[in-house]
2 protein chains.
Amino acid sequence: MRYDGGHKQETHEKLVKIAARMLREKGPDGFAVAELMQEAGLTHGGFYAHFESKEACVAEALREIFAQLSQRVERAIEGLPPRHALATIIDIYVSQRHRDNPADGCPVTSLNSDMPRQPPAIRDTFDKGVKSMVATMKKRLAAAHIDDAESLAPAVLSAVVGAVALSRAVNDKTLSDELLVAARNGIKARLGLSDATLEAYA
Amino acid sequence: MRYDGGHKQETHEKLVKIAARMLREKGPDGFAVAELMQEAGLTHGGFYAHFESKEACVAEALREIFAQLSQRVERAIEGLPPRHALATIIDIYVSQRHRDNPADGCPVTSLNSDMPRQPPAIRDTFDKGVKSMVATMKKRLAAAHIDDAESLAPAVLSAVVGAVALSRAVNDKTLSDELLVAARNGIKARLGLSDATLEAYA
DNA sequence: CGGATTATATGACGATTATCATATCAACTG
DNA sequence: CAGTTGATATGATAATCGTCATATAATCCG
């Protein structure tokens, strides 16, 4: 069937959107082409009209995810002074909401242990995302006048990722909450962003 | 073929050992029953004489891994004073050696993002391991006279896990090294275990 | 209005998977 | 030495997967 101009592009975008969710929910190997198409109301055959391969689809979805997340963070801290912006980012990232919604969360958290087994094209896309996150974290730390931004940025990133990843990995809700809260407080304390500290700058 | 008494048990242990390595290398869904058996020099059919299911095999391997790792850590810090013991644990965990050898490393690092998709039996086994790690970390922090051991233990665990997991996820060696070193220094600094600080207590 | 175009559907292929029924065959038992 | 037992092998099944060749049908063009 042939549809109006731009229909295919619309479908493509819808597919990428769905793939982006499924990718984070089920992992790169866990989500199936047929399932993606079905979720979009289509059948499996049409997939290869939109993507060269499953791998290409995953890579595109991953790029889309990183781009969207970066935008979402920007919007969330719009207008906030640097230290509050930083604290807000950490609060959002290391939160129960993020933990409980992997499908629209950070792929570094949801896919980290899958990456070593992925093909180079996917790994490279992932790398670009991580690099970008490290770079903006450096900027934010520097803007907040926190010393050693250069070496602190990767440390903070790995700490927030570890916190959410671990709190998701664990099945026991109490343990999960404990991990999350303790990690968040620890990270903010290290950066001098504890709630009390922050008030003084408000 | 029938072999000497105890032959089956020997085979079983060998299978668990191999499963333990493959589990961490390929993930719970990635490793195949047939591959495990072949690696042991057997054929796929005999698998169910040793395990009730693949799931049961994974759970047993996971238990074995946690037990062995805890022993290995104990041996590594044997005789060291508390603060040095703590520093040593962090140095071992957040190391290139650990990053580059997932097959005999910590499953919390190698399997964290796979766990949310696993069946309850496997998740519970994983939980027990994490709980045990948190508990011994609390003891070690307290022994080193570090304040807030209760809330710091989960924070430290998630930080070291995040550091190694992220440094593995990333394909770029330079970035990976940067993440690893920065995280390790950050964690030790937070605990007052920087090399310089440590010397003062030596 | 009719034929070309093209997005999607149907259906199939081969590979891989966990699982299990059954066969084999060596060692122990008598 | 014969027969039973038990550990492993063979082979099959059904399910799932990525991939692709081909069919269909709706829209656009002339």
# chains A, B, ... in the order shown; residues from 1 in each chain; ligands from 1
$ interface_residues --of "chain A" --to "chain B" --cutoff "8 Å" --atoms "only C-alpha atoms" --output "PDB file with C-alpha atoms, in the first residue's frame"
ATOM      1  CA  LYS A  26      14.931  -5.582  27.113  1.00  0.00           C
ATOM      2  CA  GLY A  27      18.525  -4.918  26.169  1.00  0.00           C
ATOM      3  CA  VAL A 108      24.373   4.049  30.340  1.00  0.00           C
ATOM      4  CA  THR A 109      22.551   2.747  33.366  1.00  0.00           C
ATOM      5  CA  SER A 110      20.320   0.252  31.602  1.00  0.00           C
ATOM      6  CA  LEU A 111      22.794  -1.125  29.070  1.00  0.00           C
ATOM      7  CA  ASN A 112      26.230  -0.913  30.648  1.00  0.00           C
ATOM      8  CA  SER A 113      26.790  -4.614  31.146  1.00  0.00           C
ATOM      9  CA  ASP A 114      25.395  -5.421  27.708  1.00  0.00           C
ATOM     10  CA  MET A 115      27.818  -3.178  25.892  1.00  0.00           C
ATOM     11  CA  PRO A 116      30.933  -5.362  26.037  1.00  0.00           C
ATOM     12  CA  ARG A 117      29.086  -7.976  23.976  1.00  0.00           C
ATOM     13  CA  ARG A 123      29.712   0.460  21.005  1.00  0.00           C
ATOM     14  CA  ASP A 124      30.955   3.507  19.152  1.00  0.00           C
ATOM     15  CA  PHE A 126      27.515   4.411  23.081  1.00  0.00           C
ATOM     16  CA  ASP A 127      30.996   5.877  23.487  1.00  0.00           C
ATOM     17  CA  VAL A 130      29.340   8.782  27.339  1.00  0.00           C
ATOM     18  CA  LYS A 131      31.950  11.200  26.111  1.00  0.00           C
ATOM     19  CA  SER A 151      38.971  14.351  37.312  1.00  0.00           C
ATOM     20  CA  LEU A 152      35.770  14.675  39.297  1.00  0.00           C
ATOM     21  CA  PRO A 154      34.187  10.900  35.332  1.00  0.00           C
ATOM     22  CA  ALA A 155      34.054   9.941  39.003  1.00  0.00           C
ATOM     23  CA  VAL A 156      30.654  11.539  39.487  1.00  0.00           C
ATOM     24  CA  SER A 158      30.365   6.497  37.275  1.00  0.00           C
ATOM     25  CA  ALA A 159      28.971   7.021  40.762  1.00  0.00           C
ATOM     26  CA  VAL A 160      25.496   8.035  39.618  1.00  0.00           C
ATOM     27  CA  VAL A 161      25.419   5.277  37.018  1.00  0.00           C
ATOM     28  CA  GLY A 162      26.492   2.697  39.563  1.00  0.00           C
ATOM     29  CA  ALA A 163      23.883   3.876  42.038  1.00  0.00           C
ATOM     30  CA  ALA A 165      22.202   0.397  37.988  1.00  0.00           C
ATOM     31  CA  LEU A 166      22.751  -1.360  41.291  1.00  0.00           C
ATOM     32  CA  ARG A 168      17.768  -1.690  39.660  1.00  0.00           C
ATOM     33  CA  ALA A 169      19.747  -4.897  39.699  1.00  0.00           C
ATOM     34  CA  VAL A 170      18.613  -5.652  43.199  1.00  0.00           C
ATOM     35  CA  ASN A 171      15.183  -7.169  43.679  1.00  0.00           C
ATOM     36  CA  ASP A 172      14.649  -6.279  47.332  1.00  0.00           C
ATOM     37  CA  LEU A 175      17.837  -2.712  49.808  1.00  0.00           C
ATOM     38  CA  GLU A 178      18.886   2.109  50.744  1.00  0.00           C
ATOM     39  CA  LEU A 179      21.417   1.936  47.921  1.00  0.00           C
ATOM     40  CA  ALA A 182      22.891   6.465  50.400  1.00  0.00           C
ATOM     41  CA  ALA A 183      24.587   6.910  47.052  1.00  0.00           C
ATOM     42  CA  ARG A 184      22.774  10.134  46.281  1.00  0.00           C
ATOM     43  CA  GLY A 186      27.194  10.484  49.326  1.00  0.00           C
ATOM     44  CA  ARG A 190      31.330  14.942  48.209  1.00  0.00           C
TER      45      ARG A 190
END
$ residues_around --residues "range 7-16 of chain C" --least-positions-apart "3" --cutoff "12 Å" --atoms "only C-alpha atoms (C1' of nucleotides)" --output "PyMOL selection string"
(chain A and resi 1-12+37+41-50) or (chain B and resi 30-35) or (chain D and resi 15-27)
$ closest_residue --among "D:DC1, D:DA12, D:DA7, D:DC28" --to "chain A" --atoms "only C-alpha atoms (C1' of nucleotides)"
D:DC28
$ closest_atom_pairs --of "chain D" --to "chain B" --cutoff "8 Å" --atoms "only C-alpha atoms (C1' of nucleotides)" --output "CSV"
residue,atom,partner,partner_atom,distance
D:DG6,C1',B:Arg2,CA,5.8
D:DA7,C1',B:Arg2,CA,5.2
D:DT8,C1',B:Gly46,CA,5.8
D:DA9,C1',B:Thr43,CA,6.7
$ atom_distance --atom1 "CA of Pro107 in chain A" --atom2 "CA of Phe66 in chain B"
26.7 Å
$ closest_residue --among "C:DC20, C:DT6, C:DA27, C:DC1" --to "chain B" --atoms "only C-alpha atoms (C1' of nucleotides)"
C:DA27
$ closest_atom_pairs --of "chain C" --to "chain B" --cutoff "9 Å" --atoms "only C-alpha atoms (C1' of nucleotides)" --output "Markdown table"
| residue | atom | partner | partner_atom | distance |
| --- | --- | --- | --- | --- |
| C:DT17 | C1' | B:Ala32 | CA | 7.7 |
| C:DA18 | C1' | B:Val33 | CA | 7.7 |
| C:DT19 | C1' | B:Tyr48 | CA | 8.6 |
| C:DC20 | C1' | B:Gly45 | CA | 8.6 |
| C:DT24 | C1' | B:Met1 | CA | 7.6 |
| C:DC25 | C1' | B:Met1 | CA | 4.9 |
| C:DA26 | C1' | B:Met1 | CA | 4.3 |
| C:DA27 | C1' | B:Arg2 | CA | 5.2 |
| C:DC28 | C1' | B:Arg2 | CA | 8.5 |
$ write_last_selection --atoms "C-alpha atoms (C1' of nucleotides)" --output "mmCIF file, in the first residue's frame"
data_model
loop_
_atom_site.group_PDB
_atom_site.id
_atom_site.type_symbol
_atom_site.label_atom_id
_atom_site.label_comp_id
_atom_site.auth_asym_id
_atom_site.auth_seq_id
_atom_site.Cartn_x
_atom_site.Cartn_y
_atom_site.Cartn_z
ATOM 1 C "C1'" DT C 17 17.961 -22.374 21.459
ATOM 2 C "C1'" DA C 18 16.242 -25.137 25.794
ATOM 3 C "C1'" DT C 19 14.492 -29.346 26.669
ATOM 4 C "C1'" DC C 20 13.762 -34.247 26.710
ATOM 5 C "C1'" DT C 24 24.975 -46.550 24.373
ATOM 6 C "C1'" DC C 25 28.472 -48.442 26.837
ATOM 7 C "C1'" DA C 26 31.775 -48.794 30.666
ATOM 8 C "C1'" DA C 27 32.221 -50.033 35.428
ATOM 9 C "C1'" DC C 28 30.480 -52.188 39.426
#
$ atom_distance --atom1 "CA of Arg83 in chain B" --atom2 "CA of Leu193 in chain B"
7.2 Å
$ closest_residue --among "A:Ser95, A:Asp104, A:Gly192, A:Pro119" --to "Gln68 in chain A" --atoms "only C-alpha atoms"
A:Asp104
$ atom_distance --atom1 "CA of Thr88 in chain B" --atom2 "CA of Lys188 in chain B"
10.2 Å
$ select_by_dssp --residues "chain A" --states "helix (DSSP H, G or I)" --output "JSON, numbers by chain"
{"A": [7, 8, 9, 10, 11, 12, 13, 14, 15, 16, 17, 18, 19, 20, 21, 22, 23, 24, 25, 26, 33, 34, 35, 36, 37, 38, 39, 44, 45, 46, 47, 48, 49, 50, 54, 55, 56, 57, 58, 59, 60, 61, 62, 63, 64, 65, 66, 67, 68, 69, 70, 71, 72, 73, 74, 75, 76, 82, 83, 84, 85, 86, 87, 88, 89, 90, 91, 92, 93, 96, 97, 98, 99, 100, 102, 103, 104, 107, 108, 109, 110, 111, 115, 116, 117, 120, 121, 122, 123, 124, 125, 126, 127, 128, 129, 130, 131, 132, 133, 134, 135, 136, 137, 138, 139, 140, 141, 142, 143, 149, 150, 151, 152, 153, 154, 155, 156, 157, 158, 159, 160, 161, 162, 163, 164, 165, 166, 167, 168, 169, 173, 174, 175, 176, 177, 178, 179, 180, 181, 182, 183, 184, 185, 186, 187, 188, 189, 190, 195, 196, 197, 198, 199, 200, 201]}
